[in-house]
Every structure is written in structure tokens, then in C-alpha cells.
Amino acid sequence: MDFNLTEEHIMIRDAARDFAQTELLPGVIERDNAQTFPESLVRKMGELGFLGVMVDPKYGGSGMDAISYVLIMEELSKIDASASVMVSVNNSLVCYGLESYANEAQKEKYLTKLAKGEIIGAFCLSEPEAGSDATSQKTTAIDMGDHYLLNGTKNWITNGGRAGVYLVIAQTDKDKGHKGINAFILEKGMPGFDIGPKEDKLGIRGSDTHTLQFNDVKVPKENRIGEDGFGFKFAMKTLSGGRIGIAAQALGIAAGAYELALKYSKERKAFGTEICNHQAIAFKLADMATEIEAARMLVMKAAWDKDQGNNYDMSSAMAKLYASQVAMTHTVEAVQIHGGNGFVKDYHVERLMRDAKITQIYEGTSEIQKIVISRGIIKG
Ligand code: COS
């Protein structure tokens, strides 16, 4: 067992850290307030290879491993979780989904542009009545011979407004249950495909979240991913990898809040000494450091499983469950350590606390992760 990062891993981690400090930190509060994220920063992340980290270079990707991916995700998330969710969705859900399961023509048409960040992707599974209960898709895709006709609504779609390519899960044959579900590649601008207003959110406010509406959208047959009925498994397999990305995001949010709290506690004085010298604060820092390190081990283990070709359904679920819990608990503690300043936007920790909450909800709630883990351990 070797806990050391390779030189390459250290280089990519430092590049992500540098980008986060120099490009993401300036303006992060303003972007959170205004609920925006400029196209110029998306382009820069594309140029650095952050939008197609694990994609084969022959499709325009960086050809790196999952360990590199989680290192990038952690560093970006320490500063701006709105940026990192865009990176996570494009990498783990869209690029990975296409590289693993799309045919060659689909990869050539879509994957290369997505991996380079020339266009951004969105993954569309959740519906008003099908978030956790993902087999209950109400969006229909009726087989019309040479095309499918899509009707329905998708909710809380990350990159919903700015994406160029959308992977959409829909029910083709209700009688077949999950075996009647398909996944399709849609392009922005297809007639009948409407994008609703941007959601006004508690956290990750710079990210672009929308409801999507499909009204008789004609989707060519060649845009279906995989065999007829493969859509649910496609979604599940893709989400397993997505959970590694979100676990790394949660880890980064927790680590970012911890670093700020540690620094603040060494500067702020109360009762004649820096507050880190008070056991009440020192013990909070000890708990934070320990639990964040434990979360990092789970995140790394899940990424390592993926790199080794091991099944990572359970390890990704465990990493996401634990890291998101650590993020929520310790961002609250970071605000507490900052006292009144923690409640003020200039100190960043209140934003990290708001950003942490979504990591317990999207790409499978904590309760869903417990279903995946408990089924896994019982099955053996
Ligand atoms: N990889 C491959 N196949 C999988 C899988 C995985 N990780 N998980 C489930 N499947 C397969 C099962 O093997 C089963 O196929 P067979 O009938 O051929 O054996 C099929 O999918 C249905 O699985 P299951 O019966 O377990 O489905 P459930 O309805 O009980 O749901 C959960 C399983 C709860 C795990 C699933 O619905 C889920 O992950 N929900 C959360 C979805 C989510 O993350 N939503 C957030 C939206 S994205 S922001």
C-alpha cells in the first residue's frame, strides 16, 4: 500500500490549486450573489483540461486517471463549488457516459467538443416525481420508426441553460419497467425543447440550474445510447462515477472551510490569546482534521477502485455519504469558529456552509447511498 501521490498527481493538484486561487477566488462572492459564472472561466477550465480529465486524448481529453480527477475536484471545490459542479457533471456524467457507452459516430460528434470544453454537457434524469425513485420516469420517448418523440419535464438540471448537449433519460415502454427506459443525446435548439428560468438556490448559486421541458421533440434514432432498454443501467453506471466526483466536491468544501477556520483561529484573539489555544476551538480543529482526512481516504479509495477496474458502486456511495456529512458538519463548525465574522459573506465560510448542503442531496441523496451500501453488504 502506497499513500504517496506520484509527481504527476502533485503537478495536477498544484495546477488546480493555482487556478482556484488566481482565477476562481477573485469574484467568487460576487458570482454567488449574482448567480452567474462567466463563459471565460469555463473556457479556461477547458484549456487546462479540467473538463475532460479522464477522456482518451484521441477524443480531446486529458487522458488522466480518476485520482487526478478527484485531486482537481477537491482543489476547485475549496474555493468555488459552483465551478466544480460544472466540472463534475461534464466529466463524470456526460463525458464518461459517452466514452463508455456511446457508439463511435456519437463519440466523434459530441465527445471531443465536450472533453475540450468547447461545449458543456448536462445530465437529465431527475423529474418532479422521479428523483430518488429513478425508475418512475414520466418523460416518454415513443418509438416512431426513424425517430423518438420526447415529452416531459426534467428538474434541477445542472448546466441546464448553458449546455450544448443533454443526455436525457426517458421511458419508452412503461410495461417493461426499468428495462423500457432509454438514454438519448439531445442538442440545444431542437424544436420543442424549452429551457425554463434559472433556479434561485441556497448554495452553488453560480451554477446554472434549470427545469427543461420537452414537447414533441423529435430525436433521431441514432441519438439513442446503447441498445433499446439500456437507459436505466446507463444512468446507474454513470451515477456511480458521478458520486466519486461529488464526494470529492464535498471533501473540497470541507477542507476549504477547515483551512479558513484554522487560519482565522491563529489570528483572532480572545481572553488574551489566539482562539486556537482554547481547547473549545482546538478540539473542533482536531475533529475537522481527522474526519476530513478520513473522507479523503474514502474518496481516494473510490477513485482507486475506478482506476483499477474494480466495481466502485459501494466505494463511491460510501465516499459520497461520508464526505457530504463531513462537509455539512464541519462547514457549520467553521462558521462557529469565525463567530460573527462567519455570518458575513466576506469570510467565505457561510458560502461553503450553504454549498455543502447540496452534496447530501444531488446524484443520490444520503438515504439513497445507504440503500446502495446496505444492499451491497447484504448481497455480499
Ligand atoms: N450499475 C448497473 N446496474 C444497476 C446499478 C448499477 N450501479 N444499480 C442498479 N442497477 C440495475 C439492477 O441490477 C436492476 O437490473 P436487473 O433488473 O436487470 O437486475 C435495475 O438496475 C433496477 O435496479 P433496482 O431494482 O435496484 O432499482 P430500484 O428501483 O430499487 O432503485 C436505486 C435502485 C434506489 C439505487 C436507484 O433508483 C438510484 O440510484 N436512485 C437514485 C438516483 C439518483 O441518483 N438521482 C439523482 C439524480 S441525478 S442529480
# chains A, B, ... in the order shown; residues from 1 in each chain; ligands from 1
call {"tool": "closest_atom_pairs", "arguments": {"of": "chain A", "to": "ligand 1", "cutoff": "6 Å", "atoms": "only C-alpha atoms and all ligand atoms", "output": "CSV"}}
result
residue,atom,partner,partner_atom_place_in_ligand_line,distance
A:Leu125,CA,ligand 1,47 (C),5.6
A:Ser126,CA,ligand 1,47 (C),4.9
A:Gly131,CA,ligand 1,45 (N),4.8
A:Ser132,CA,ligand 1,41 (C),4.0
A:Asp133,CA,ligand 1,37 (O),5.0
A:Ala134,CA,ligand 1,37 (O),4.4
A:Thr135,CA,ligand 1,29 (O),5.4
A:Lys233,CA,ligand 1,3 (N),4.6
A:Met236,CA,ligand 1,6 (C),4.5
A:Lys237,CA,ligand 1,1 (N),4.3
A:Ser240,CA,ligand 1,7 (N),5.9
A:Asp313,CA,ligand 1,7 (N),5.5
A:Tyr362,CA,ligand 1,49 (S),4.4
A:Glu363,CA,ligand 1,49 (S),3.8
A:Gly364,CA,ligand 1,44 (O),3.3
A:Ile368,CA,ligand 1,34 (C),5.7
A:Val372,CA,ligand 1,35 (C),5.4
call {"tool": "write_last_selection", "arguments": {"atoms": "all heavy atoms", "output": "tab-separated table (two decimals), in the first residue's frame"}}
result
chain	number	residue	atom	x	y	z
A	125	LEU	N	-31.89	13.34	-15.57
A	125	LEU	CA	-32.59	12.17	-15.04
A	125	LEU	C	-33.75	12.61	-14.15
A	125	LEU	O	-34.88	12.13	-14.29
A	125	LEU	CB	-31.61	11.30	-14.23
A	125	LEU	CG	-32.20	10.13	-13.46
A	125	LEU	CD1	-32.69	9.04	-14.41
A	125	LEU	CD2	-31.17	9.50	-12.50
A	126	SER	N	-33.49	13.54	-13.23
A	126	SER	CA	-34.49	13.90	-12.21
A	126	SER	C	-35.72	14.57	-12.82
A	126	SER	O	-35.62	15.34	-13.75
A	126	SER	CB	-33.89	14.87	-11.19
A	126	SER	OG	-32.91	14.21	-10.46
A	131	GLY	N	-36.90	11.56	-8.53
A	131	GLY	CA	-35.53	11.96	-8.20
A	131	GLY	C	-34.81	10.73	-7.68
A	131	GLY	O	-34.03	10.10	-8.38
A	132	SER	N	-35.17	10.35	-6.43
A	132	SER	CA	-34.59	9.13	-5.85
A	132	SER	C	-35.17	7.89	-6.52
A	132	SER	O	-34.45	6.94	-6.82
A	132	SER	CB	-34.89	9.07	-4.35
A	132	SER	OG	-34.22	10.12	-3.69
A	133	ASP	N	-36.48	7.93	-6.76
A	133	ASP	CA	-37.17	6.78	-7.37
A	133	ASP	C	-37.00	6.88	-8.89
A	133	ASP	O	-37.94	7.19	-9.63
A	133	ASP	CB	-38.65	6.84	-6.97
A	133	ASP	CG	-39.43	5.65	-7.49
A	133	ASP	OD1	-38.80	4.72	-8.03
A	133	ASP	OD2	-40.67	5.67	-7.38
A	134	ALA	N	-35.78	6.58	-9.32
A	134	ALA	CA	-35.40	6.92	-10.70
A	134	ALA	C	-36.05	6.04	-11.76
A	134	ALA	O	-36.05	6.39	-12.94
A	134	ALA	CB	-33.88	6.86	-10.82
A	135	THR	N	-36.62	4.89	-11.36
A	135	THR	CA	-37.28	4.06	-12.38
A	135	THR	C	-38.66	4.62	-12.76
A	135	THR	O	-39.21	4.24	-13.78
A	135	THR	CB	-37.47	2.59	-11.90
A	135	THR	OG1	-38.17	2.61	-10.66
A	135	THR	CG2	-36.15	1.86	-11.76
A	233	LYS	N	-29.78	1.37	-16.78
A	233	LYS	CA	-28.43	0.90	-16.37
A	233	LYS	C	-27.39	1.95	-16.73
A	233	LYS	O	-26.43	2.16	-15.98
A	233	LYS	CB	-28.11	-0.45	-17.03
A	233	LYS	CG	-28.98	-1.53	-16.45
A	233	LYS	CD	-28.38	-2.90	-16.49
A	233	LYS	CE	-29.33	-3.81	-15.72
A	233	LYS	NZ	-29.02	-5.19	-15.73
A	236	MET	N	-27.51	4.45	-13.95
A	236	MET	CA	-26.95	3.94	-12.68
A	236	MET	C	-25.42	3.83	-12.75
A	236	MET	O	-24.72	4.21	-11.83
A	236	MET	CB	-27.54	2.55	-12.36
A	236	MET	CG	-28.99	2.57	-11.95
A	236	MET	SD	-29.29	3.53	-10.45
A	236	MET	CE	-30.12	4.95	-11.09
A	237	LYS	N	-24.95	3.29	-13.88
A	237	LYS	CA	-23.49	3.12	-14.01
A	237	LYS	C	-22.80	4.49	-14.05
A	237	LYS	O	-21.75	4.68	-13.43
A	237	LYS	CB	-23.16	2.35	-15.30
A	237	LYS	CG	-23.43	0.86	-15.19
A	237	LYS	CD	-23.35	0.20	-16.56
A	237	LYS	CE	-23.68	-1.27	-16.52
A	237	LYS	NZ	-22.55	-2.10	-16.14
A	240	SER	N	-22.72	6.16	-10.58
A	240	SER	CA	-21.72	5.60	-9.64
A	240	SER	C	-20.42	6.39	-9.72
A	240	SER	O	-19.79	6.68	-8.70
A	240	SER	CB	-21.42	4.14	-9.98
A	240	SER	OG	-22.31	3.31	-9.31
A	313	ASP	N	-19.36	0.76	-7.13
A	313	ASP	CA	-20.71	1.19	-6.71
A	313	ASP	C	-20.74	1.49	-5.21
A	313	ASP	O	-21.27	2.51	-4.77
A	313	ASP	CB	-21.75	0.10	-7.01
A	313	ASP	CG	-21.95	-0.11	-8.51
A	313	ASP	OD1	-21.57	0.79	-9.28
A	313	ASP	OD2	-22.46	-1.17	-8.89
A	362	TYR	N	-27.77	15.90	-4.19
A	362	TYR	CA	-27.75	15.54	-5.62
A	362	TYR	C	-26.88	14.31	-5.91
A	362	TYR	O	-26.09	13.88	-5.09
A	362	TYR	CB	-27.46	16.71	-6.53
A	362	TYR	CG	-26.18	17.53	-6.43
A	362	TYR	CD1	-25.04	17.10	-5.76
A	362	TYR	CD2	-26.15	18.77	-7.07
A	362	TYR	CE1	-23.90	17.89	-5.73
A	362	TYR	CE2	-25.00	19.57	-7.05
A	362	TYR	CZ	-23.88	19.11	-6.38
A	362	TYR	OH	-22.77	19.89	-6.36
A	363	GLU	N	-27.13	13.76	-7.08
A	363	GLU	CA	-26.51	12.49	-7.54
A	363	GLU	C	-26.72	11.35	-6.53
A	363	GLU	O	-25.84	10.53	-6.30
A	363	GLU	CB	-25.04	12.71	-7.92
A	363	GLU	CG	-24.95	13.72	-9.05
A	363	GLU	CD	-23.67	13.71	-9.83
A	363	GLU	OE1	-22.96	12.70	-9.83
A	363	GLU	OE2	-23.39	14.73	-10.47
A	364	GLY	N	-27.91	11.36	-5.95
A	364	GLY	CA	-28.29	10.36	-4.95
A	364	GLY	C	-28.17	10.94	-3.56
A	364	GLY	O	-27.08	11.27	-3.12
A	368	ILE	N	-30.26	7.47	-0.30
A	368	ILE	CA	-30.04	6.56	-1.45
A	368	ILE	C	-28.68	5.88	-1.33
A	368	ILE	O	-28.54	4.67	-1.61
A	368	ILE	CB	-30.16	7.33	-2.78
A	368	ILE	CG1	-31.61	7.71	-3.07
A	368	ILE	CG2	-29.55	6.54	-3.96
A	368	ILE	CD1	-32.54	6.55	-3.37
A	372	VAL	N	-27.81	1.84	-1.44
A	372	VAL	CA	-26.79	1.19	-2.27
A	372	VAL	C	-25.81	0.40	-1.39
A	372	VAL	O	-25.49	-0.76	-1.66
A	372	VAL	CB	-26.03	2.25	-3.13
A	372	VAL	CG1	-24.86	1.61	-3.87
A	372	VAL	CG2	-26.98	2.94	-4.11
call {"tool": "residues_around", "arguments": {"residues": "stretch 256-263 of chain A", "least_positions_apart": "6", "cutoff": "10 Å", "atoms": "only C-alpha atoms", "output": "MDAnalysis selection string"}}
result
chainID A and resid 74:80 250 275:276 281:282 284:285 288:289 292 327 330:338 342 347:353
call {"tool": "closest_residue", "arguments": {"among": "A:Val168, A:Gly245, A:Phe214, A:Ala115", "to": "A:Met73", "atoms": "only C-alpha atoms"}}
result
A:Gly245
call {"tool": "closest_residue", "arguments": {"among": "A:Asp287, A:Glu367, A:Asp56, A:Asp143", "to": "A:Met318", "atoms": "only C-alpha atoms"}}
result
A:Glu367
call {"tool": "select_by_dssp", "arguments": {"residues": "stretch 129-252 of chain A", "states": "helix (DSSP H, G or I)", "output": "short mmCIF file (atom, residue, chain, number, x, y, z; two decimals) with N, CA, C and O atoms, in the first residue's frame"}}
result
data_model
loop_
_atom_site.label_atom_id
_atom_site.label_comp_id
_atom_site.auth_asym_id
_atom_site.auth_seq_id
_atom_site.Cartn_x
_atom_site.Cartn_y
_atom_site.Cartn_z
N LYS A 174 -43.48 1.54 -20.87
CA LYS A 174 -43.79 1.53 -19.43
C LYS A 174 -43.97 0.11 -18.89
O LYS A 174 -43.59 -0.19 -17.76
N ASP A 175 -44.54 -0.75 -19.75
CA ASP A 175 -44.79 -2.13 -19.29
C ASP A 175 -43.50 -2.87 -18.94
O ASP A 175 -43.52 -3.84 -18.19
N LYS A 176 -42.41 -2.43 -19.51
CA LYS A 176 -41.14 -3.13 -19.26
C LYS A 176 -40.41 -2.56 -18.04
O LYS A 176 -39.28 -2.98 -17.74
N GLY A 177 -41.00 -1.59 -17.35
CA GLY A 177 -40.36 -1.00 -16.15
C GLY A 177 -39.01 -0.41 -16.51
O GLY A 177 -38.86 0.24 -17.55
N HIS A 178 -38.00 -0.68 -15.66
CA HIS A 178 -36.69 -0.06 -15.91
C HIS A 178 -36.05 -0.56 -17.21
O HIS A 178 -35.21 0.11 -17.80
N LYS A 179 -36.52 -1.72 -17.69
CA LYS A 179 -35.96 -2.26 -18.94
C LYS A 179 -36.55 -1.56 -20.17
O LYS A 179 -36.12 -1.80 -21.29
N GLY A 180 -37.54 -0.69 -19.93
CA GLY A 180 -38.13 0.07 -21.04
C GLY A 180 -37.63 1.50 -21.09
O GLY A 180 -38.19 2.34 -21.79
N LYS A 221 -33.15 8.43 -34.30
CA LYS A 221 -32.88 7.13 -33.68
C LYS A 221 -31.39 6.96 -33.36
O LYS A 221 -31.01 6.35 -32.36
N GLU A 222 -30.54 7.54 -34.22
CA GLU A 222 -29.08 7.38 -33.99
C GLU A 222 -28.61 8.11 -32.74
O GLU A 222 -27.46 7.97 -32.35
N ASN A 223 -29.52 8.87 -32.10
CA ASN A 223 -29.13 9.58 -30.86
C ASN A 223 -29.42 8.77 -29.59
O ASN A 223 -29.19 9.25 -28.48
N GLY A 231 -31.22 2.42 -20.95
CA GLY A 231 -31.15 3.74 -20.32
C GLY A 231 -31.02 3.75 -18.81
O GLY A 231 -30.28 4.56 -18.25
N PHE A 232 -31.71 2.84 -18.11
CA PHE A 232 -31.65 2.87 -16.64
C PHE A 232 -30.28 2.42 -16.16
O PHE A 232 -29.67 3.03 -15.29
N LYS A 233 -29.78 1.37 -16.78
CA LYS A 233 -28.43 0.90 -16.37
C LYS A 233 -27.39 1.95 -16.73
O LYS A 233 -26.43 2.16 -15.98
N PHE A 234 -27.59 2.60 -17.86
CA PHE A 234 -26.68 3.69 -18.25
C PHE A 234 -26.66 4.74 -17.15
O PHE A 234 -25.59 5.19 -16.72
N ALA A 235 -27.85 5.12 -16.67
CA ALA A 235 -27.93 6.16 -15.63
C ALA A 235 -27.26 5.69 -14.34
O ALA A 235 -26.49 6.43 -13.71
N MET A 236 -27.51 4.45 -13.95
CA MET A 236 -26.95 3.94 -12.68
C MET A 236 -25.42 3.83 -12.75
O MET A 236 -24.72 4.21 -11.83
N LYS A 237 -24.95 3.29 -13.88
CA LYS A 237 -23.49 3.12 -14.01
C LYS A 237 -22.80 4.49 -14.05
O LYS A 237 -21.75 4.68 -13.43
N THR A 238 -23.39 5.42 -14.73
CA THR A 238 -22.80 6.75 -14.85
C THR A 238 -22.83 7.46 -13.50
O THR A 238 -21.86 8.09 -13.09
N LEU A 239 -23.95 7.33 -12.79
CA LEU A 239 -24.06 7.99 -11.48
C LEU A 239 -23.08 7.43 -10.45
O LEU A 239 -22.63 8.16 -9.57
N SER A 240 -22.72 6.16 -10.58
CA SER A 240 -21.72 5.60 -9.64
C SER A 240 -20.42 6.39 -9.72
O SER A 240 -19.79 6.68 -8.70
N GLY A 241 -20.01 6.72 -10.93
CA GLY A 241 -18.79 7.53 -11.11
C GLY A 241 -19.04 8.98 -10.71
O GLY A 241 -18.16 9.63 -10.13
N GLY A 242 -20.25 9.46 -10.99
CA GLY A 242 -20.60 10.84 -10.61
C GLY A 242 -20.47 11.04 -9.11
O GLY A 242 -20.04 12.10 -8.64
N ARG A 243 -20.79 10.00 -8.38
CA ARG A 243 -20.74 10.11 -6.91
C ARG A 243 -19.31 10.26 -6.41
O ARG A 243 -19.09 10.86 -5.35
N ILE A 244 -18.34 9.75 -7.16
CA ILE A 244 -16.94 9.98 -6.78
C ILE A 244 -16.63 11.47 -6.93
O ILE A 244 -16.00 12.09 -6.07
N GLY A 245 -17.10 12.06 -8.02
CA GLY A 245 -16.87 13.49 -8.24
C GLY A 245 -17.51 14.34 -7.17
O GLY A 245 -16.89 15.29 -6.64
N ILE A 246 -18.75 14.01 -6.80
CA ILE A 246 -19.44 14.82 -5.78
C ILE A 246 -18.83 14.57 -4.40
O ILE A 246 -18.75 15.49 -3.57
N ALA A 247 -18.37 13.35 -4.15
CA ALA A 247 -17.68 13.09 -2.88
C ALA A 247 -16.43 13.97 -2.79
O ALA A 247 -16.13 14.56 -1.74
N ALA A 248 -15.71 14.09 -3.90
CA ALA A 248 -14.51 14.94 -3.93
C ALA A 248 -14.89 16.40 -3.78
O ALA A 248 -14.16 17.19 -3.16
N GLN A 249 -16.03 16.77 -4.32
CA GLN A 249 -16.50 18.15 -4.15
C GLN A 249 -16.79 18.42 -2.67
O GLN A 249 -16.38 19.45 -2.11
N ALA A 250 -17.49 17.49 -2.02
CA ALA A 250 -17.82 17.65 -0.60
C ALA A 250 -16.54 17.73 0.22
O ALA A 250 -16.40 18.57 1.13
N LEU A 251 -15.58 16.88 -0.10
CA LEU A 251 -14.28 16.90 0.58
C LEU A 251 -13.63 18.28 0.44
O LEU A 251 -13.13 18.85 1.42
N GLY A 252 -13.65 18.81 -0.76
CA GLY A 252 -13.04 20.12 -1.01
C GLY A 252 -13.74 21.23 -0.24
O GLY A 252 -13.07 22.11 0.33
#
call {"tool": "residues_around", "arguments": {"residues": "A:Arg205", "least_positions_apart": "3", "cutoff": "6 Å", "atoms": "only C-alpha atoms", "output": "list in words"}}
result
Asp32, Gln35 and Lys201 of chain A
call {"tool": "write_last_selection", "arguments": {"atoms": "C-alpha atoms", "output": "PDB file, in the first residue's frame"}}
result
ATOM      1  CA  ASP A  32     -22.558  33.782  -5.697  1.00  0.00           C
ATOM      2  CA  GLN A  35     -25.848  33.714  -9.601  1.00  0.00           C
ATOM      3  CA  LYS A 201     -30.777  28.319  -4.923  1.00  0.00           C
TER       4      LYS A 201
END
